[in-house]
Amino acid sequence: MYFYNVNELYRAMSPSVPLQEMIRAIRSARTQCEERGVIQRECAAIRAQFRQADNGGRSHNLAKLLYVHMLGYPAHFGQMECVRMIASPRYSEKRVGYLGAMMLLDEKQDASLLITNSIKNDLSHSNQYVQSLALCTLACMGSAEMCRDLAPEIDRLLRASNSYIKKKAALCAVHIVRKVHDLGGVSCIASSGGTPSDNSIPRVLHGAVVLIIELCERNPETLERFRKTVPDLVQIMKGLVLSGYSPEHDVAGISDPFLQVRILRLLRILGHNNEGASDAMNDLLAQVATNTDSTKTVGNAVLYETVLTVLDIKSESGLRVLAVNILGRFLLNNDRNIRYIAMTSLQKIVGTDHNAVQRHRGTIVDCLKDQDASVKRRALELSLALVSASNVRSMMKELLLFLSSCPAELKAHAASGIFNAAERYAPSQRWHIDTILHVLTTAGGDVRDETVPNLIQLITNASELHCYTVHKLYRALLTDISQQSLVQVACWCIGEYGDLLLRGECQETEAVQVTEDDVLDALETVLQSHMSSPATRGFALTATMKLSTRITDNVDRIRSIVSIYGSCIDVELQQRAVEYNALFKKYDHMRAAVLERMPVIEKNSPGHTNGESTGEAIKDIQPAKVKQGEPLLPPQPANQVCDLLDLLGGSEETLQPCPAVGAPAPGLLINTASTAGGDLLDLLGVLEPAPLAPAPTVPVYEKDGVTLTLSCEKQCDTGLTVTLTASNSTDSDISSFTLQAAVPKSVQLHMKAPSGDSLPARRTAKVTQMVVLNNPNKVNLKMRVRISYTSQGSAFQDTVQIDSFPGLDAAGQ
Amino acid sequence: MIKFVLMVNRQGQTRLSRYYEPVELSRRAPLEADVVRCCLSRKKDQCSFVEYKDFKLVYRQYAALYIVVGVSDSENELSVFELVHNFVEVLDKYFSRVSELDVSFNRPITAALCLLAPPFYSTTH
């Protein structure tokens with residue numbers, strides 16, 4: 001670096017206003033307008049000076065112009081002056097000229113091409129500072145053509161003996177590598193890049209390492225070549241870590257942490273997916289991890305980079321454990337920055353080292369309550385990733401607490417995360433419904449649109465909880481009608497199960513005496529409130545209509561409500577009201593049948609619109625028959641209705657008369673429904689023993705009452721998802737059931753979290769485990785599975801080898 | 001990689017700025033205003049790393065001056081944090097007890113030259 005007292009020189013050389021005085025004038029301007037006036041005057045003076053012939057104050061004027069540019073004012077008229085100054089023989093002018101070039105010129109300006117020749121000449125200048133100016137400028141704003149032209153020069157300078165030039169040349173080379181993508185330029189630099197790694201001067205080393213990182217990231221061949229330098233890098237790193245105090249490069253007790261971080265990053269790139277290189281650096285990484293002082297931030301920065309490297313290469317398991325422990329220590333640190341980065345890194349590994357991260361769950365959940373928004377966001381994402389079947393209740397409690405106090409931008413994400421987790425791990429339906437209701441009351445405005453039909457579908461499925469649900473929703477409706485999703489669900493339930501509400505008794509929650517008038521009042525409030533959206537009003541109107549069959553006394557009141565809306569401005573409401581009016585007047589005999597209870601809605605069925613469709617004439621027999629079909633199908637993680645579709649011959653037309661899966665057809669289908677039901681029964685009867693075409697399951701292990709079946713699904717050309725399902729047919733429960741799998745070396749294996757670890761007796765529940773395999777070399781696929789469990793107090797262990805996978809051909813492709 | 005470095009005072013005025021990627025003049029002012037708003041509204045004991053659009057901001061407060069560095073996602077934030085401190089220490093040594101005035105009024109060109117120094121440079125890649 002070359003610092004220099006600019007002001008005295010300028011004052012001696014020129015008569016015009018020196019830089020200091022201009023700055024003073026600008027500072028003393030009291031308003032923006034005044035400041036602009038001062039600057040415009042100065043710019044005019046500068047322009048006049050530029051037009052004159054060479055005078056001593058050129059650099060001084062350009063300096064003023066650069067200052068004006070730094071304040072944000074346009075200064076493009078200085079570009080040509082920069083070009084002229086760069087070509088000048090005087091060092092002071094060159095310097096300001098190059099600075100101006102770096103600030104005012106970029107690739108898009110035409111003037112930048114004009115300095116190519118000057119740069120070329122200066123690169124061979126005898127003065128090293130001039131050379132470095134040229135190098136800096138090229139590295140800063142060199143376009144692709146300029147870089148291509150000058151690459152041989154840079155190459156030459158990389159081999160120079162002067163370390164000052166070497167380091168600048170290395171950095172310039174990095175820029176060239178980024179700009180010039182064709183192989184010619186890259187290869188010539190790559191060949192010279194090999195030598196710097198055995199150079200001992202740290203600054204040059206730093207530049208060289210950056211250059212190597214850049215080369216390796218872009219070109220896999222160079223990556224292979226530089227793998228040979230891993231031992232050298234390890235040596236250098238060891239030297240840095242173990243060396244004593246070196247005043248030149250010391251930052252808070254660590255010698256040259258920036259270089260250490262760079263080398264660690266390079267090691268990460270070189271060791272990624274490569275066993276040999278990873279082995280060579282295992283010792284070093286352990287050494288760095290243990291020897292680095294972690295009381296200061298600098299040390300933590302180096303440790304962080306080490307952890308990232310360990311997690312990214314093929315390190316041995318002891319090292320990985322060490323890395324995760326370091327992250328755990330970070331989590332307990334008082335400094336928020338460190339906690340933030342710990343959580344960022346844990347997020348990256350939660351997929352692969354799930355158990356290790358689970359150990360720190362308590363701390364992560366505490367971070368949800370932190371004041372800082374960044375920390376909260378990270379804690380939320382990590383918590384959602386850590387929810388599993390065993391901890392779902394406690395985690396959900398924390399997450400719901402978080403939802404009520406979290407900042408607005410995280411609410412939607414948190415709500416959808418909670419829904420996903422609840423869907424996957426809900427221990428009971430009542431808990432599931434409670435959780436969703438809680439979310440709707442706290443964050444109803446931020447949930448996705450499909451929450452309402454999903455919730456309604458869930459409620460219809462939980463038939464024993466209808467009474468409880470409707471009571472709870474009614475109470476929620478009375479307290480608050482601003483949350484649209486909640487109000488919609490509440491209206492739908494009240495309409496559907498209003499008779500349960502009016503009956504007044506309920507086992508699961510304390511009953512409330514509700515009269516018909518109360519219920520109608522509530523619905524009317526929703527209809528008339530300005531907070532209700534048109535969709536919500538639609539729900540409320542339909543609910544009111546449905547109640548006409550469920551209540552006895554106030555049918556007239558309902559009739560009058562409905563007729564009022566016959567002249568509503570909202571077209572949708574008006575249409576509904578008119579239709580309902582017609583139902584009262586002309587089709588009164590059909591009203592009871594039309595407004596009957598809806599059947600259980602199947603999830604993910606084609607044509608499943610949303611839960612809001614008006615009632616249809618559907619006999620209750622239909623859903624019961626379809627339900628009977630379900631246990632005959634082998635348990636699959638995929639949804640069961642799709643399987644049902646396949647049973648039905650895979651054609652869409654046969655679905656139309658099947659009411660449980662399709663949207664209700666317009667019109668009344670009392671008669672056709674029963675015949676379709678008969679067809680359904682026949683199909684189901686025939687298909688009892690047959691396995692399903694989409695995903696065949698094969699039993700692979702059967703001993704002592706424990707059965708393990710396997711099914712697989714090809715995801716892509718080399719990827720395969722295998723699902724292992726275990727069941728227990730003995731009379732005693734099995735606990736701590738774990739599966740471990742091993743595959744041939746070239747196949748990559750990734751086990752997801754199992755659905756549980758206990759197998760209750762007599763096949764009452766199953767445990768499923770999904771395993772994702774990637775077979776890039778298409779070797780013969782084999783898998784060895786070790787089963788371990790505890791039954792009646794004693795531990796059992798067994799191994800089974802699976803050589804053939806159903807759904808794959810004999811070669812395992 | 002480092003995208004930009006800003007030095008901003010408490011009132012939100014940019015004292016020094018350096019962009020390591022081409023950004024048009026017209027887009028710089030709103031970007032700076034937005035970034036500064038993010039950082040100035042944070043309390044003292046909050047995390048120094050903020051996620052902003054598609055990159056991260058690492059900021060540090062020194063008396064009345066905020067130094068904000070915009071980095072891409074793949075960068076080691078703690079390392080950049082230390083780099084900022086290193087930079088300030090260098091300025092301190094050179095100007096002997098640097099202040100906001102030095103950076104913005106007395107020796108702006110010098111400070112701008114500092115931002116061309118190798119540590120920043122190498123971290124831009």
# chains A, B, ... in the order shown; residues from 1 in each chain; ligands from 1
call {"tool": "interface_residues", "arguments": {"of": "chain B", "to": "chain A", "cutoff": "7 Å", "atoms": "only C-alpha atoms", "output": "ChimeraX atom specification"}}
result
/B:16,46-50,78-79,82,105,122
call {"tool": "select_by_dssp", "arguments": {"residues": "range 36-97 of chain B", "states": "helix (DSSP H, G or I)", "output": "ChimeraX atom specification"}}
result
/B:36-40,77-95
call {"tool": "select_by_dssp", "arguments": {"residues": "range 216-273 of chain A", "states": "strand (DSSP E or B)", "output": "list in words"}}
result
Asp250, Val251, Ile254 and Ser255 of chain A
call {"tool": "residues_around", "arguments": {"residues": "Asp110 in chain A", "least_positions_apart": "2", "cutoff": "12 Å", "atoms": "only C-alpha atoms", "output": "ChimeraX atom specification"}}
result
/A:76,79-80,83,104-108,112-116,143
call {"tool": "write_last_selection", "arguments": {"atoms": "N, CA, C and O atoms", "output": "JSON list (two decimals), in the first residue's frame"}}
result
[["chain", "number", "residue", "atom", "x", "y", "z"],
["A", 76, "HIS", "N", -19.20, 10.96, -15.59],
["A", 76, "HIS", "CA", -18.71, 10.21, -16.74],
["A", 76, "HIS", "C", -17.84, 11.04, -17.66],
["A", 76, "HIS", "O", -17.09, 10.50, -18.44],
["A", 79, "GLN", "N", -14.04, 10.22, -17.90],
["A", 79, "GLN", "CA", -13.48, 8.96, -18.36],
["A", 79, "GLN", "C", -12.31, 9.16, -19.31],
["A", 79, "GLN", "O", -11.27, 8.50, -19.19],
["A", 80, "MET", "N", -12.46, 10.05, -20.28],
["A", 80, "MET", "CA", -11.37, 10.26, -21.22],
["A", 80, "MET", "C", -10.16, 10.82, -20.53],
["A", 80, "MET", "O", -9.02, 10.50, -20.89],
["A", 83, "VAL", "N", -8.21, 8.08, -19.14],
["A", 83, "VAL", "CA", -7.42, 7.39, -20.15],
["A", 83, "VAL", "C", -6.14, 8.15, -20.44],
["A", 83, "VAL", "O", -5.05, 7.59, -20.52],
["A", 104, "LEU", "N", -14.60, 4.79, -12.36],
["A", 104, "LEU", "CA", -15.54, 5.32, -13.34],
["A", 104, "LEU", "C", -15.80, 4.36, -14.50],
["A", 104, "LEU", "O", -16.85, 4.42, -15.13],
["A", 105, "LEU", "N", -14.80, 3.55, -14.82],
["A", 105, "LEU", "CA", -14.96, 2.71, -16.00],
["A", 105, "LEU", "C", -15.35, 1.31, -15.59],
["A", 105, "LEU", "O", -14.89, 0.78, -14.61],
["A", 106, "ASP", "N", -16.22, 0.70, -16.36],
["A", 106, "ASP", "CA", -16.41, -0.74, -16.21],
["A", 106, "ASP", "C", -16.57, -1.31, -17.60],
["A", 106, "ASP", "O", -16.42, -0.61, -18.58],
["A", 107, "GLU", "N", -16.85, -2.58, -17.67],
["A", 107, "GLU", "CA", -16.82, -3.24, -18.97],
["A", 107, "GLU", "C", -17.75, -2.60, -19.98],
["A", 107, "GLU", "O", -17.52, -2.66, -21.16],
["A", 108, "LYS", "N", -18.83, -2.01, -19.46],
["A", 108, "LYS", "CA", -19.83, -1.55, -20.42],
["A", 108, "LYS", "C", -19.42, -0.26, -21.10],
["A", 108, "LYS", "O", -19.98, 0.10, -22.12],
["A", 112, "SER", "N", -13.15, 1.92, -21.85],
["A", 112, "SER", "CA", -12.30, 0.95, -21.17],
["A", 112, "SER", "C", -11.37, 0.24, -22.15],
["A", 112, "SER", "O", -10.27, -0.15, -21.80],
["A", 113, "LEU", "N", -11.79, 0.09, -23.40],
["A", 113, "LEU", "CA", -10.92, -0.59, -24.35],
["A", 113, "LEU", "C", -9.66, 0.23, -24.62],
["A", 113, "LEU", "O", -8.61, -0.33, -24.95],
["A", 114, "LEU", "N", -9.79, 1.55, -24.46],
["A", 114, "LEU", "CA", -8.66, 2.40, -24.80],
["A", 114, "LEU", "C", -7.50, 2.24, -23.85],
["A", 114, "LEU", "O", -6.37, 2.60, -24.16],
["A", 115, "ILE", "N", -7.78, 1.75, -22.68],
["A", 115, "ILE", "CA", -6.66, 1.66, -21.74],
["A", 115, "ILE", "C", -5.94, 0.32, -21.85],
["A", 115, "ILE", "O", -4.95, 0.09, -21.17],
["A", 116, "THR", "N", -6.43, -0.56, -22.70],
["A", 116, "THR", "CA", -5.79, -1.87, -22.81],
["A", 116, "THR", "C", -4.32, -1.74, -23.15],
["A", 116, "THR", "O", -3.47, -2.38, -22.53],
["A", 143, "SER", "N", -12.41, -6.47, -18.96],
["A", 143, "SER", "CA", -13.47, -7.20, -19.66],
["A", 143, "SER", "C", -12.88, -8.50, -20.21],
["A", 143, "SER", "O", -11.68, -8.72, -20.15]]
call {"tool": "atom_distance", "arguments": {"atom1": "CA of Leu400 in chain A", "atom2": "CA of Arg359 in chain A"}}
result
21.4 Å
call {"tool": "closest_residue", "arguments": {"among": "B:Ser26, B:Ser72, B:Gln11, B:Ser17", "to": "Val103 in chain B", "atoms": "only C-alpha atoms"}}
result
B:Ser17
call {"tool": "closest_residue", "arguments": {"among": "A:Thr442, A:Ser124, A:Ser390, A:Gln792", "to": "Cys406 in chain A", "atoms": "only C-alpha atoms"}}
result
A:Thr442
call {"tool": "atom_distance", "arguments": {"atom1": "CA of Asn775 in chain A", "atom2": "CA of Asp717 in chain A"}}
result
8.6 Å
call {"tool": "residues_around", "arguments": {"residues": "Gln13 in chain B", "least_positions_apart": "5", "cutoff": "9 Å", "atoms": "only C-alpha atoms", "output": "JSON, numbers by chain"}}
result
{"B": [7, 8, 33, 36]}
call {"tool": "decode", "arguments": {"residues": "range 15-40 of chain B", "atoms": "N, CA, C and O atoms", "output": "PDB file, in the first residue's frame"}}
result
ATOM      1  N   ARG B  15     -20.952   7.306   3.637  1.00  0.00           N
ATOM      2  CA  ARG B  15     -19.698   8.047   3.628  1.00  0.00           C
ATOM      3  C   ARG B  15     -18.737   7.487   2.612  1.00  0.00           C
ATOM      4  O   ARG B  15     -17.941   8.190   2.034  1.00  0.00           O
ATOM      5  N   LEU B  16     -18.788   6.188   2.440  1.00  0.00           N
ATOM      6  CA  LEU B  16     -17.858   5.552   1.522  1.00  0.00           C
ATOM      7  C   LEU B  16     -18.552   4.315   0.992  1.00  0.00           C
ATOM      8  O   LEU B  16     -19.214   3.604   1.727  1.00  0.00           O
ATOM      9  N   SER B  17     -18.386   4.080  -0.307  1.00  0.00           N
ATOM     10  CA  SER B  17     -18.987   2.858  -0.813  1.00  0.00           C
ATOM     11  C   SER B  17     -18.082   2.274  -1.880  1.00  0.00           C
ATOM     12  O   SER B  17     -17.420   3.003  -2.600  1.00  0.00           O
ATOM     13  N   ARG B  18     -18.043   0.951  -1.927  1.00  0.00           N
ATOM     14  CA  ARG B  18     -17.248   0.320  -2.964  1.00  0.00           C
ATOM     15  C   ARG B  18     -18.002  -0.921  -3.404  1.00  0.00           C
ATOM     16  O   ARG B  18     -18.353  -1.759  -2.595  1.00  0.00           O
ATOM     17  N   TYR B  19     -18.236  -1.023  -4.709  1.00  0.00           N
ATOM     18  CA  TYR B  19     -18.974  -2.150  -5.243  1.00  0.00           C
ATOM     19  C   TYR B  19     -18.018  -3.045  -6.002  1.00  0.00           C
ATOM     20  O   TYR B  19     -17.291  -2.575  -6.871  1.00  0.00           O
ATOM     21  N   TYR B  20     -18.014  -4.309  -5.690  1.00  0.00           N
ATOM     22  CA  TYR B  20     -17.117  -5.229  -6.379  1.00  0.00           C
ATOM     23  C   TYR B  20     -17.806  -5.935  -7.521  1.00  0.00           C
ATOM     24  O   TYR B  20     -17.262  -6.822  -8.146  1.00  0.00           O
ATOM     25  N   GLU B  21     -19.031  -5.529  -7.764  1.00  0.00           N
ATOM     26  CA  GLU B  21     -19.741  -6.044  -8.934  1.00  0.00           C
ATOM     27  C   GLU B  21     -20.340  -4.836  -9.614  1.00  0.00           C
ATOM     28  O   GLU B  21     -20.752  -3.913  -8.930  1.00  0.00           O
ATOM     29  N   PRO B  22     -20.453  -4.817 -10.923  1.00  0.00           N
ATOM     30  CA  PRO B  22     -21.004  -3.592 -11.540  1.00  0.00           C
ATOM     31  C   PRO B  22     -22.463  -3.372 -11.151  1.00  0.00           C
ATOM     32  O   PRO B  22     -23.301  -4.222 -11.373  1.00  0.00           O
ATOM     33  N   VAL B  23     -22.714  -2.239 -10.520  1.00  0.00           N
ATOM     34  CA  VAL B  23     -24.074  -1.855 -10.152  1.00  0.00           C
ATOM     35  C   VAL B  23     -24.278  -0.435 -10.637  1.00  0.00           C
ATOM     36  O   VAL B  23     -23.458   0.437 -10.380  1.00  0.00           O
ATOM     37  N   GLU B  24     -25.381  -0.192 -11.342  1.00  0.00           N
ATOM     38  CA  GLU B  24     -25.585   1.162 -11.887  1.00  0.00           C
ATOM     39  C   GLU B  24     -25.781   2.177 -10.778  1.00  0.00           C
ATOM     40  O   GLU B  24     -26.319   1.867  -9.717  1.00  0.00           O
ATOM     41  N   LEU B  25     -25.413   3.400 -11.113  1.00  0.00           N
ATOM     42  CA  LEU B  25     -25.528   4.490 -10.137  1.00  0.00           C
ATOM     43  C   LEU B  25     -26.961   4.639  -9.636  1.00  0.00           C
ATOM     44  O   LEU B  25     -27.209   4.879  -8.458  1.00  0.00           O
ATOM     45  N   SER B  26     -27.906   4.523 -10.573  1.00  0.00           N
ATOM     46  CA  SER B  26     -29.298   4.761 -10.169  1.00  0.00           C
ATOM     47  C   SER B  26     -29.777   3.709  -9.184  1.00  0.00           C
ATOM     48  O   SER B  26     -30.617   3.972  -8.331  1.00  0.00           O
ATOM     49  N   ARG B  27     -29.216   2.488  -9.278  1.00  0.00           N
ATOM     50  CA  ARG B  27     -29.693   1.452  -8.369  1.00  0.00           C
ATOM     51  C   ARG B  27     -28.959   1.475  -7.047  1.00  0.00           C
ATOM     52  O   ARG B  27     -29.372   0.824  -6.096  1.00  0.00           O
ATOM     53  N   ARG B  28     -27.835   2.206  -7.011  1.00  0.00           N
ATOM     54  CA  ARG B  28     -27.055   2.173  -5.781  1.00  0.00           C
ATOM     55  C   ARG B  28     -27.776   2.864  -4.644  1.00  0.00           C
ATOM     56  O   ARG B  28     -27.797   2.342  -3.524  1.00  0.00           O
ATOM     57  N   ALA B  29     -28.340   4.033  -4.904  1.00  0.00           N
ATOM     58  CA  ALA B  29     -28.938   4.794  -3.808  1.00  0.00           C
ATOM     59  C   ALA B  29     -30.064   4.035  -3.126  1.00  0.00           C
ATOM     60  O   ALA B  29     -30.074   3.905  -1.883  1.00  0.00           O
ATOM     61  N   PRO B  30     -31.040   3.497  -3.874  1.00  0.00           N
ATOM     62  CA  PRO B  30     -32.080   2.761  -3.159  1.00  0.00           C
ATOM     63  C   PRO B  30     -31.544   1.526  -2.440  1.00  0.00           C
ATOM     64  O   PRO B  30     -31.989   1.196  -1.341  1.00  0.00           O
ATOM     65  N   LEU B  31     -30.557   0.858  -3.049  1.00  0.00           N
ATOM     66  CA  LEU B  31     -29.982  -0.318  -2.389  1.00  0.00           C
ATOM     67  C   LEU B  31     -29.352   0.079  -1.072  1.00  0.00           C
ATOM     68  O   LEU B  31     -29.568  -0.546  -0.031  1.00  0.00           O
ATOM     69  N   GLU B  32     -28.572   1.171  -1.112  1.00  0.00           N
ATOM     70  CA  GLU B  32     -27.911   1.605   0.116  1.00  0.00           C
ATOM     71  C   GLU B  32     -28.934   2.002   1.161  1.00  0.00           C
ATOM     72  O   GLU B  32     -28.798   1.651   2.331  1.00  0.00           O
ATOM     73  N   ALA B  33     -29.963   2.724   0.727  1.00  0.00           N
ATOM     74  CA  ALA B  33     -30.973   3.156   1.697  1.00  0.00           C
ATOM     75  C   ALA B  33     -31.627   1.941   2.355  1.00  0.00           C
ATOM     76  O   ALA B  33     -31.799   1.891   3.578  1.00  0.00           O
ATOM     77  N   ASP B  34     -31.953   0.958   1.566  1.00  0.00           N
ATOM     78  CA  ASP B  34     -32.628  -0.222   2.101  1.00  0.00           C
ATOM     79  C   ASP B  34     -31.743  -0.988   3.075  1.00  0.00           C
ATOM     80  O   ASP B  34     -32.165  -1.392   4.161  1.00  0.00           O
ATOM     81  N   VAL B  35     -30.489  -1.191   2.637  1.00  0.00           N
ATOM     82  CA  VAL B  35     -29.554  -1.941   3.480  1.00  0.00           C
ATOM     83  C   VAL B  35     -29.344  -1.224   4.804  1.00  0.00           C
ATOM     84  O   VAL B  35     -29.365  -1.822   5.878  1.00  0.00           O
ATOM     85  N   VAL B  36     -29.181   0.093   4.706  1.00  0.00           N
ATOM     86  CA  VAL B  36     -28.919   0.874   5.905  1.00  0.00           C
ATOM     87  C   VAL B  36     -30.116   0.819   6.841  1.00  0.00           C
ATOM     88  O   VAL B  36     -29.979   0.689   8.060  1.00  0.00           O
ATOM     89  N   ARG B  37     -31.281   0.844   6.279  1.00  0.00           N
ATOM     90  CA  ARG B  37     -32.494   0.782   7.109  1.00  0.00           C
ATOM     91  C   ARG B  37     -32.530  -0.522   7.886  1.00  0.00           C
ATOM     92  O   ARG B  37     -32.844  -0.552   9.066  1.00  0.00           O
ATOM     93  N   CYS B  38     -32.148  -1.613   7.185  1.00  0.00           N
ATOM     94  CA  CYS B  38     -32.106  -2.922   7.864  1.00  0.00           C
ATOM     95  C   CYS B  38     -31.174  -2.892   9.054  1.00  0.00           C
ATOM     96  O   CYS B  38     -31.500  -3.390  10.128  1.00  0.00           O
ATOM     97  N   CYS B  39     -29.979  -2.321   8.831  1.00  0.00           N
ATOM     98  CA  CYS B  39     -28.959  -2.426   9.870  1.00  0.00           C
ATOM     99  C   CYS B  39     -29.190  -1.434  10.998  1.00  0.00           C
ATOM    100  O   CYS B  39     -28.963  -1.752  12.170  1.00  0.00           O
ATOM    101  N   LEU B  40     -29.628  -0.251  10.684  1.00  0.00           N
ATOM    102  CA  LEU B  40     -29.762   0.747  11.731  1.00  0.00           C
ATOM    103  C   LEU B  40     -30.890   0.431  12.678  1.00  0.00           C
ATOM    104  O   LEU B  40     -30.905   0.866  13.821  1.00  0.00           O
TER     105      LEU B  40
END
